[in-house]
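Everything on this sheet refers to the single structure shown next.
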Amino acid sequence: MGSPKPFADRIFVTRPLLPPLQDVIRRLREVWAAQWLTNGGAQLQLLEERLRAYLKTSELLLFNNGTTALMAGLRALELHDEVITTPFTFAATTHSLAWAGLCPVFCDIAPDTMCLDAQRIEPLITRRTSAILAVHVYGNLCDVRRIQAIAERHDLKVIYDAAHAFGCELDGRGVGAFGDITMYSFHATKLFHTAEGGALAFRDPALRARIALLRNFGIENENEVSLPGLNGKMNELQAALGLAVLDYVEDERRRRAAVFATYQEQLGGLDGLTTPTLPPEQRPSYQYFVVRIDPERFGKDRDEVYARLKQFNVYARKYFHPLVSEYACYRDLTTRNADHLPVARRVASQVLSLPCYGALGADRAQGIAEILRFIHEH
Ligand code: T4K
C-alpha cells in the first residue's frame with residue numbers, strides 16, 4: 001500500500017459541539033431582555049433543571065468550571081489531611097486537593113479501566129485518610145460498588161471526578177448516584193459544554209445550602225457572610241449556550257458512536273494496538289477514543305506514533321502523560337514513587353487519544369485508521 005495523503009487541514013483531538021448560531025442568539029435575546037447576566041439568573045436555573053433530569057440526579061448545582069466545582073465540593077465535605085487519589089488524570093483533579101489544603105495519596109490504577117484500582121486502596125488508608133477522590137477516566141467507570149464498600153468500612157467520603165463521564169450510566173443509574181459528590185466539567189472540549197463550566201451532583205439535600213454558599217463567597221444575605229466561599233458562579237451567557245448545546249447532545253452522541261464504530265472496525269485487529277471496550281451495562285460518554293500501543297508488538301512506541309500522525313496533520317493527544325505524580329509540584333509526596341505506581345506508569349507511556357468528535361465523521365475516522373495501519377507496517 002502506498003503512503004496515505006496527509007489531511008489538508010489539521011485534525012484536532014476534539015472540536016466543540018457548536019449548535020446553530022440562531023439557537024444561541026434566541027437564548028441571548030432572553031438574557032438581554034432580562035438584563036440579567038449572572039448571579040443565579042433564569043438561564044442558569046433552567047439549565048440546572050434540565051441537567052438534573054438528563055443526568056438523573058436529584059441535586060445539581062452549576063459552576064463556572066469543573067475545577068472550581070471540585071474545589072467547592074472538597075470544601076463542602078469538610079475533609080482533612082489525606083485523600084487517596086489517582087495519578088492518571090488531568091492536573092485539575094490533584095490541584096483541587098492541594099488548593100483545599102489536602103494531601104494527595106497516589107494509588108495505582110486498574111489495567112483495564114485505567115481508573116483507581118479499588119483493590120489497592122485499603123493498604124493506603126491511615127488514621128489521617130478522610131476521603132477517596134476517584135476519576136471516571138475517559139468515561140470508563142470506576143469500580144463504584146467496591147469503592148463504596150471500602151468507604152463504608154473506613155468511614156471515608158467519596159468524590160468522583162466525572163469530567164469525562166457526561167451522561168454515563170451504570171445499570172440505568174446516572175453516575176452521580178455513586179459517592180457523596182460527583183463533579184462534571186462542561187469545558188469546550190467535553191461532550192456537553194458551556195464553553196467553560198462545571199457542576200456538582202450529589203444526593204444529600206443537606207449539602208445543597210453549603211455548596212451554594214461556597215459557590216457565592218459564603219454570602220448568606222446582605223448582612224451575613226458565613227464561609228470563605230469562592231466565586232464559582234456560572235454566568236447567564238454560559239448557561240444560555242449550554243441550553244442550546246443540550247438540544248444537540250443526543251445527535252452528537254450518535255455521531256460519535258459512528259466514529260467509535262469505524263475506529264473499532266478498522267483498528268480492532270491491529271497487533272499491539274488496544275481499542276476501548278464499552279461494557280454493556282454502562283452507557284458510554286464517547287468522550288475520548290483512546291488506544292494503547294504496546295511498543296513490542298506494534299513495532300513503534302506511542303511517542304513515535306504520535307509524531308508520525310502529526311506528519312499526516314493528525315493531532316492526537318497523550319492524555320494523560322506525564323502522570324500527575326511526576327509533576328515537580330508533587331515531588332515531595334512519598335506516594336509519588338514510581339515503584340508504587342507500575343500500572344499507571346505503563347499506561348501513561350502507551351495511551352493516545354485519537355481525534356473523536358461528531359463533526360469528524362466516519363470517513364475521516366477511516367482515513368486516520370488507514371494512516372495508523374500504514375504507520376504500523378512502515
Ligand atoms: N478533571 C479531569 C479528569 C479533566 O479532564 C478536566 C479537564 C478537569 C478535571 C477540569 O475541568 P475544567 O476546569 O477544565 O472544567 C483540555 C481542557 O482544557 C480541559 O478541560 C480537559 N480536562 C483536558 C483533558 O483537556 P488541553 O490543554 O488539552 O486543551 P487544548 O486547549 O489543548 O484543547 C484540545 C484541543 O481541542 C485543541 O487542540 C483544539 C480543540 N479545541 C479546543 C478548544 C478550547 C477546539 O477546537 N476549540 C476550543 O475552543 O486541556
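To be explicit about the labels: the chains of the C-alpha cells are called A, B, and onward in the order shown, and within each one the residues are counted from 1, while ligands get numbers from 1 in the order they are shown.
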
Subject >> Residue neighbourhood Glu326 in chain A, 12 Å, only C-alpha atoms, exclusion window fewer than 5 positions, as a PyMOL selection string >> reply: chain A and resi 87-89+91+94+106+320-321+331-338+341+344-345+348

Let me see the file: selected residues, all heavy atoms, as a compact mmCIF listing (two decimals), in the first residue's frame.
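What follows is the written file result_2.txt:
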# COMPACT_ATOMS: atom_id res chain seq x y z
N PRO A 87 -3.09 8.97 40.08
CA PRO A 87 -2.13 9.86 39.41
C PRO A 87 -2.42 9.98 37.92
O PRO A 87 -1.81 10.79 37.24
CB PRO A 87 -0.81 9.10 39.62
CG PRO A 87 -1.20 7.66 39.62
CD PRO A 87 -2.58 7.60 40.24
N PHE A 88 -3.37 9.16 37.41
CA PHE A 88 -3.63 9.12 35.97
C PHE A 88 -4.85 9.97 35.66
O PHE A 88 -5.98 9.48 35.55
CB PHE A 88 -3.83 7.67 35.53
CG PHE A 88 -3.92 7.51 34.04
CD1 PHE A 88 -2.83 7.80 33.22
CD2 PHE A 88 -5.08 7.06 33.44
CE1 PHE A 88 -2.91 7.67 31.85
CE2 PHE A 88 -5.17 6.92 32.06
CZ PHE A 88 -4.08 7.23 31.27
N THR A 89 -4.63 11.27 35.58
CA THR A 89 -5.73 12.22 35.41
C THR A 89 -5.17 13.54 34.91
O THR A 89 -3.95 13.71 34.75
CB THR A 89 -6.51 12.39 36.72
OG1 THR A 89 -7.64 13.23 36.49
CG2 THR A 89 -5.66 12.99 37.83
N ALA A 91 -4.40 17.58 35.43
CA ALA A 91 -3.83 18.31 36.56
C ALA A 91 -4.88 18.78 37.57
O ALA A 91 -4.64 18.75 38.79
CB ALA A 91 -3.07 19.53 36.01
N THR A 94 -5.88 16.72 40.99
CA THR A 94 -4.96 16.74 42.14
C THR A 94 -4.77 18.17 42.65
O THR A 94 -4.69 18.40 43.87
CB THR A 94 -3.61 16.13 41.70
OG1 THR A 94 -3.87 15.03 40.85
CG2 THR A 94 -2.80 15.70 42.90
N PHE A 106 -1.25 8.97 46.28
CA PHE A 106 -1.46 8.33 44.98
C PHE A 106 -1.58 6.82 45.11
O PHE A 106 -0.78 6.17 45.78
CB PHE A 106 -0.32 8.68 44.02
CG PHE A 106 -0.26 10.13 43.67
CD1 PHE A 106 0.82 10.93 44.04
CD2 PHE A 106 -1.30 10.74 42.98
CE1 PHE A 106 0.87 12.27 43.73
CE2 PHE A 106 -1.27 12.09 42.66
CZ PHE A 106 -0.17 12.86 43.03
N PHE A 320 -3.24 10.59 29.58
CA PHE A 320 -2.64 11.56 30.45
C PHE A 320 -1.19 11.21 30.72
O PHE A 320 -0.92 10.31 31.49
CB PHE A 320 -3.42 11.64 31.77
CG PHE A 320 -4.77 12.26 31.55
CD1 PHE A 320 -5.91 11.51 31.49
CD2 PHE A 320 -4.87 13.63 31.37
CE1 PHE A 320 -7.15 12.09 31.27
CE2 PHE A 320 -6.11 14.23 31.16
CZ PHE A 320 -7.26 13.45 31.10
N HIS A 321 -0.34 11.91 30.06
CA HIS A 321 1.10 11.77 30.22
C HIS A 321 1.67 13.18 30.33
O HIS A 321 1.29 14.02 29.53
CB HIS A 321 1.71 11.06 29.01
CG HIS A 321 3.20 11.08 29.01
ND1 HIS A 321 3.94 10.07 29.57
CD2 HIS A 321 4.08 12.01 28.56
CE1 HIS A 321 5.22 10.37 29.44
NE2 HIS A 321 5.34 11.54 28.83
N ARG A 331 6.68 16.54 43.98
CA ARG A 331 7.85 15.66 44.14
C ARG A 331 8.14 15.31 45.60
O ARG A 331 8.89 14.37 45.85
CB ARG A 331 9.09 16.24 43.45
CG ARG A 331 9.64 17.44 44.13
CD ARG A 331 10.91 17.94 43.49
NE ARG A 331 10.97 19.36 43.78
CZ ARG A 331 11.12 20.32 42.91
NH1 ARG A 331 11.27 20.04 41.64
NH2 ARG A 331 11.12 21.57 43.28
N ASP A 332 7.57 16.06 46.56
CA ASP A 332 7.84 15.74 47.96
C ASP A 332 6.91 14.65 48.52
O ASP A 332 7.08 14.20 49.65
CB ASP A 332 7.71 17.00 48.84
CG ASP A 332 8.80 17.99 48.49
OD1 ASP A 332 9.85 17.54 47.97
OD2 ASP A 332 8.60 19.20 48.72
N LEU A 333 5.93 14.23 47.75
CA LEU A 333 5.00 13.23 48.28
C LEU A 333 5.62 11.84 48.21
O LEU A 333 6.18 11.46 47.18
CB LEU A 333 3.70 13.23 47.46
CG LEU A 333 2.91 14.53 47.49
CD1 LEU A 333 1.70 14.42 46.55
CD2 LEU A 333 2.43 14.82 48.91
N THR A 334 5.51 11.09 49.31
CA THR A 334 6.14 9.77 49.31
C THR A 334 5.45 8.83 48.31
O THR A 334 6.10 8.00 47.69
CB THR A 334 6.08 9.11 50.71
OG1 THR A 334 4.75 9.24 51.18
CG2 THR A 334 7.03 9.75 51.68
N THR A 335 4.13 9.01 48.11
CA THR A 335 3.43 8.09 47.21
C THR A 335 3.65 8.42 45.74
O THR A 335 3.06 7.80 44.87
CB THR A 335 1.92 8.07 47.51
OG1 THR A 335 1.43 9.41 47.47
CG2 THR A 335 1.63 7.44 48.87
N ARG A 336 4.48 9.42 45.46
CA ARG A 336 4.77 9.71 44.05
C ARG A 336 5.79 8.71 43.48
O ARG A 336 5.96 8.61 42.27
CB ARG A 336 5.32 11.13 43.87
CG ARG A 336 6.75 11.27 44.31
CD ARG A 336 7.28 12.64 44.04
NE ARG A 336 7.46 12.89 42.62
CZ ARG A 336 8.50 12.49 41.92
NH1 ARG A 336 9.47 11.81 42.49
NH2 ARG A 336 8.60 12.78 40.64
N ASN A 337 6.42 7.96 44.37
CA ASN A 337 7.43 7.00 43.98
C ASN A 337 6.93 6.07 42.87
O ASN A 337 5.92 5.40 43.02
CB ASN A 337 7.80 6.19 45.23
CG ASN A 337 8.99 5.31 44.98
OD1 ASN A 337 9.30 5.00 43.84
ND2 ASN A 337 9.65 4.92 46.06
N ALA A 338 7.68 6.03 41.77
CA ALA A 338 7.23 5.29 40.60
C ALA A 338 7.07 3.78 40.86
O ALA A 338 6.20 3.14 40.26
CB ALA A 338 8.20 5.52 39.45
N LEU A 341 3.62 2.73 41.55
CA LEU A 341 2.58 3.00 40.54
C LEU A 341 2.92 2.35 39.19
O LEU A 341 2.88 3.01 38.15
CB LEU A 341 2.45 4.53 40.35
CG LEU A 341 2.20 5.35 41.63
CD1 LEU A 341 2.43 6.83 41.39
CD2 LEU A 341 0.77 5.12 42.15
N ALA A 344 0.09 2.53 36.36
CA ALA A 344 -0.11 3.90 35.88
C ALA A 344 1.05 4.34 34.99
O ALA A 344 0.85 4.97 33.95
CB ALA A 344 -0.27 4.85 37.07
N ARG A 345 2.25 3.98 35.39
CA ARG A 345 3.42 4.37 34.58
C ARG A 345 3.37 3.73 33.20
O ARG A 345 3.62 4.38 32.19
CB ARG A 345 4.69 3.89 35.28
CG ARG A 345 5.25 4.96 36.18
CD ARG A 345 6.56 4.52 36.75
NE ARG A 345 7.58 4.38 35.74
CZ ARG A 345 8.74 3.77 35.95
NH1 ARG A 345 9.01 3.24 37.10
NH2 ARG A 345 9.65 3.71 35.00
N ALA A 348 0.45 5.26 31.12
CA ALA A 348 0.74 6.64 30.68
C ALA A 348 1.71 6.68 29.50
O ALA A 348 1.70 7.62 28.71
CB ALA A 348 1.28 7.46 31.85

Subject >> Polymer residues at most 7 Å from range 297-311 of chain A, only C-alpha atoms, same-chain spacing of 2 or more positions, as a PyMOL selection string >> reply: chain A and resi 271-273+293-295+313-316+349-352+376

Determine, using only C-alpha atoms and all ligand atoms, which residues of chain A have any atom at most 7 Å from an atom of ligand 1, and tabulate each with its shortest atom pair and distance in Å to one decimal place, rows ordered by chain and then rising number, as JSON lines.
{"residue": "A:Phe12", "atom": "CA", "partner": "ligand 1", "partner_atom_place_in_ligand_line": "38 (O)", "distance": 5.1}
{"residue": "A:Val13", "atom": "CA", "partner": "ligand 1", "partner_atom_place_in_ligand_line": "35 (C)", "distance": 5.5}
{"residue": "A:Thr14", "atom": "CA", "partner": "ligand 1", "partner_atom_place_in_ligand_line": "36 (O)", "distance": 4.7}
{"residue": "A:Arg15", "atom": "CA", "partner": "ligand 1", "partner_atom_place_in_ligand_line": "46 (O)", "distance": 3.8}
{"residue": "A:Pro16", "atom": "CA", "partner": "ligand 1", "partner_atom_place_in_ligand_line": "47 (N)", "distance": 5.5}
{"residue": "A:Asn65", "atom": "CA", "partner": "ligand 1", "partner_atom_place_in_ligand_line": "15 (O)", "distance": 4.2}
{"residue": "A:Gly66", "atom": "CA", "partner": "ligand 1", "partner_atom_place_in_ligand_line": "15 (O)", "distance": 3.5}
{"residue": "A:Thr67", "atom": "CA", "partner": "ligand 1", "partner_atom_place_in_ligand_line": "13 (O)", "distance": 3.8}
{"residue": "A:Thr68", "atom": "CA", "partner": "ligand 1", "partner_atom_place_in_ligand_line": "13 (O)", "distance": 6.8}
{"residue": "A:Thr89", "atom": "CA", "partner": "ligand 1", "partner_atom_place_in_ligand_line": "3 (C)", "distance": 5.2}
{"residue": "A:Phe90", "atom": "CA", "partner": "ligand 1", "partner_atom_place_in_ligand_line": "2 (C)", "distance": 4.8}
{"residue": "A:Ala92", "atom": "CA", "partner": "ligand 1", "partner_atom_place_in_ligand_line": "9 (C)", "distance": 4.8}
{"residue": "A:Thr93", "atom": "CA", "partner": "ligand 1", "partner_atom_place_in_ligand_line": "1 (N)", "distance": 4.9}
{"residue": "A:Val135", "atom": "CA", "partner": "ligand 1", "partner_atom_place_in_ligand_line": "3 (C)", "distance": 6.2}
{"residue": "A:Val137", "atom": "CA", "partner": "ligand 1", "partner_atom_place_in_ligand_line": "3 (C)", "distance": 6.3}
{"residue": "A:Asp161", "atom": "CA", "partner": "ligand 1", "partner_atom_place_in_ligand_line": "1 (N)", "distance": 5.8}
{"residue": "A:Ala162", "atom": "CA", "partner": "ligand 1", "partner_atom_place_in_ligand_line": "3 (C)", "distance": 6.9}
{"residue": "A:Ala163", "atom": "CA", "partner": "ligand 1", "partner_atom_place_in_ligand_line": "2 (C)", "distance": 4.9}
{"residue": "A:His164", "atom": "CA", "partner": "ligand 1", "partner_atom_place_in_ligand_line": "3 (C)", "distance": 6.3}
{"residue": "A:Ser185", "atom": "CA", "partner": "ligand 1", "partner_atom_place_in_ligand_line": "15 (O)", "distance": 4.1}
{"residue": "A:Phe186", "atom": "CA", "partner": "ligand 1", "partner_atom_place_in_ligand_line": "15 (O)", "distance": 5.5}
{"residue": "A:His187", "atom": "CA", "partner": "ligand 1", "partner_atom_place_in_ligand_line": "15 (O)", "distance": 4.7}
{"residue": "A:Ala188", "atom": "CA", "partner": "ligand 1", "partner_atom_place_in_ligand_line": "49 (O)", "distance": 5.4}
{"residue": "A:Thr189", "atom": "CA", "partner": "ligand 1", "partner_atom_place_in_ligand_line": "36 (O)", "distance": 5.6}
{"residue": "A:Glu196", "atom": "CA", "partner": "ligand 1", "partner_atom_place_in_ligand_line": "15 (O)", "distance": 6.0}
{"residue": "A:Gly197", "atom": "CA", "partner": "ligand 1", "partner_atom_place_in_ligand_line": "15 (O)", "distance": 5.5}
{"residue": "A:Gly198", "atom": "CA", "partner": "ligand 1", "partner_atom_place_in_ligand_line": "15 (O)", "distance": 5.5}
{"residue": "A:Tyr319", "atom": "CA", "partner": "ligand 1", "partner_atom_place_in_ligand_line": "24 (C)", "distance": 6.7}

**OP:** Just the residues within 10 Å of Asp155 in chain A, please, counting only C-alpha atoms, with nothing from its chain fewer than 5 positions along; format it as number ranges by chain.
**Re:** A: 129-131, 148-150

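The protein and nucleic acid residues lying at most 8 Å from Ala177 in chain A are A:Thr57, A:Arg173, A:Gly174, A:Phe202, A:Arg203, with only C-alpha atoms considered and sequence neighbours fewer than 3 positions away removed.
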
Can I get the selection written as an mmCIF file, in the first residue's frame, with N, CA and C atoms?
data_model
loop_
_atom_site.group_PDB
_atom_site.id
_atom_site.type_symbol
_atom_site.label_atom_id
_atom_site.label_comp_id
_atom_site.auth_asym_id
_atom_site.auth_seq_id
_atom_site.Cartn_x
_atom_site.Cartn_y
_atom_site.Cartn_z
ATOM 1 N N THR A 57 -30.108 12.969 38.407
ATOM 2 C CA THR A 57 -29.623 13.261 39.756
ATOM 3 C C THR A 57 -30.614 14.199 40.443
ATOM 4 N N ARG A 173 -28.538 3.791 36.092
ATOM 5 C CA ARG A 173 -28.423 4.888 37.088
ATOM 6 C C ARG A 173 -27.340 5.860 36.643
ATOM 7 N N GLY A 174 -27.613 7.151 36.754
ATOM 8 C CA GLY A 174 -26.620 8.163 36.407
ATOM 9 C C GLY A 174 -25.405 8.033 37.309
ATOM 10 N N PHE A 202 -25.079 15.577 43.627
ATOM 11 C CA PHE A 202 -24.999 14.911 44.945
ATOM 12 C C PHE A 202 -26.409 14.469 45.308
ATOM 13 N N ARG A 203 -26.507 13.644 46.357
ATOM 14 C CA ARG A 203 -27.827 13.114 46.714
ATOM 15 C C ARG A 203 -28.371 13.718 47.997
#

**OP:** With a distance cut-off of 9 Å and only C-alpha atoms, select the neighbouring residues of Pro342 in chain A, excluding the residue or stretch itself and same-chain residues fewer than 4 positions from it, and output the selection as an MDAnalysis selection string.
**Re:** chainID A and resid 108:109 338 346:347

**OP:** Grab the CA of Gln282 in chain A to CA of Cys142 in chain A distance for me, in Å with one decimal place.
**Re:** 11.2 Å

**OP:** Quick one: pick out all alpha helix (DSSP H) residues within range 61-204 of chain A from a backbone DSSP run and write them as number ranges by chain.
**Re:** A: 66-76, 91-99, 144-154

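Minimum atom-to-atom distances from A:Glu265, A:Asp204, A:Glu169, A:Asp339 to Arg283 in chain A were compared using only C-alpha atoms, and the lowest value belongs to A:Glu169.
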
Original post:
Within 12 Å of Leu141 in chain A, counting only C-alpha atoms, which residues qualify if same-chain residues fewer than 6 places away don't, as a PyMOL selection string?
Top reply: chain A and resi 110+112-118+134-135+147+160-171+174-176+178+277-279+281-285

Would you put the residues from that selection into a file with C-alpha atoms, as a CSV table (one decimal), in the first residue's frame?
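again_13.csv, freshly written:
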chain,number,residue,atom,x,y,z
A,110,ALA,CA,-6.5,-0.9,37.3
A,112,ASP,CA,-8.4,-2.4,32.2
A,113,THR,CA,-10.4,0.7,33.2
A,114,MET,CA,-7.4,2.8,33.9
A,115,CYS,CA,-9.3,4.2,36.9
A,116,LEU,CA,-8.2,3.9,40.6
A,117,ASP,CA,-7.6,0.3,41.4
A,118,ALA,CA,-10.1,-0.4,44.2
A,134,ALA,CA,-11.5,8.8,42.0
A,135,VAL,CA,-11.8,9.7,38.3
A,147,ILE,CA,-15.2,1.8,46.5
A,160,TYR,CA,-15.9,11.3,41.8
A,161,ASP,CA,-14.3,13.4,39.1
A,162,ALA,CA,-16.7,12.7,36.2
A,163,ALA,CA,-15.2,15.4,33.9
A,164,HIS,CA,-15.3,12.8,31.1
A,165,ALA,CA,-18.5,11.0,32.1
A,166,PHE,CA,-21.3,13.2,31.0
A,167,GLY,CA,-24.4,11.1,30.6
A,168,CYS,CA,-22.7,7.9,31.7
A,169,GLU,CA,-24.9,5.4,33.5
A,170,LEU,CA,-24.4,2.1,35.2
A,171,ASP,CA,-27.4,-0.3,35.0
A,174,GLY,CA,-26.6,8.2,36.4
A,175,VAL,CA,-23.0,8.2,37.6
A,176,GLY,CA,-23.9,11.0,40.0
A,178,PHE,CA,-22.5,7.0,43.4
A,277,THR,CA,-14.1,-1.7,25.4
A,278,LEU,CA,-17.6,-0.5,26.2
A,279,PRO,CA,-19.2,-2.7,28.9
A,281,GLU,CA,-24.1,-2.4,31.5
A,282,GLN,CA,-22.7,1.1,31.0
A,283,ARG,CA,-24.0,3.9,28.9
A,284,PRO,CA,-20.8,5.5,27.5
A,285,SER,CA,-19.9,9.2,27.1

Subject >> Surrounding residues of Leu243 in chain A excluding itself and chain neighbours under 4 positions, 7 Å, only C-alpha atoms, as a ChimeraX atom specification >> reply: /A:47,239,247

**OP:** Could you check which of A:Ala240, A:Arg292, A:Gly218, A:Phe7 is closest to Ala365 in chain A, using only C-alpha atoms?
**Re:** A:Phe7

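Taking only C-alpha atoms into account, Asn140 in chain A lies nearest to A:Pro280 out of the set A:Met71, A:Ser226, A:Pro280, A:Glu59.
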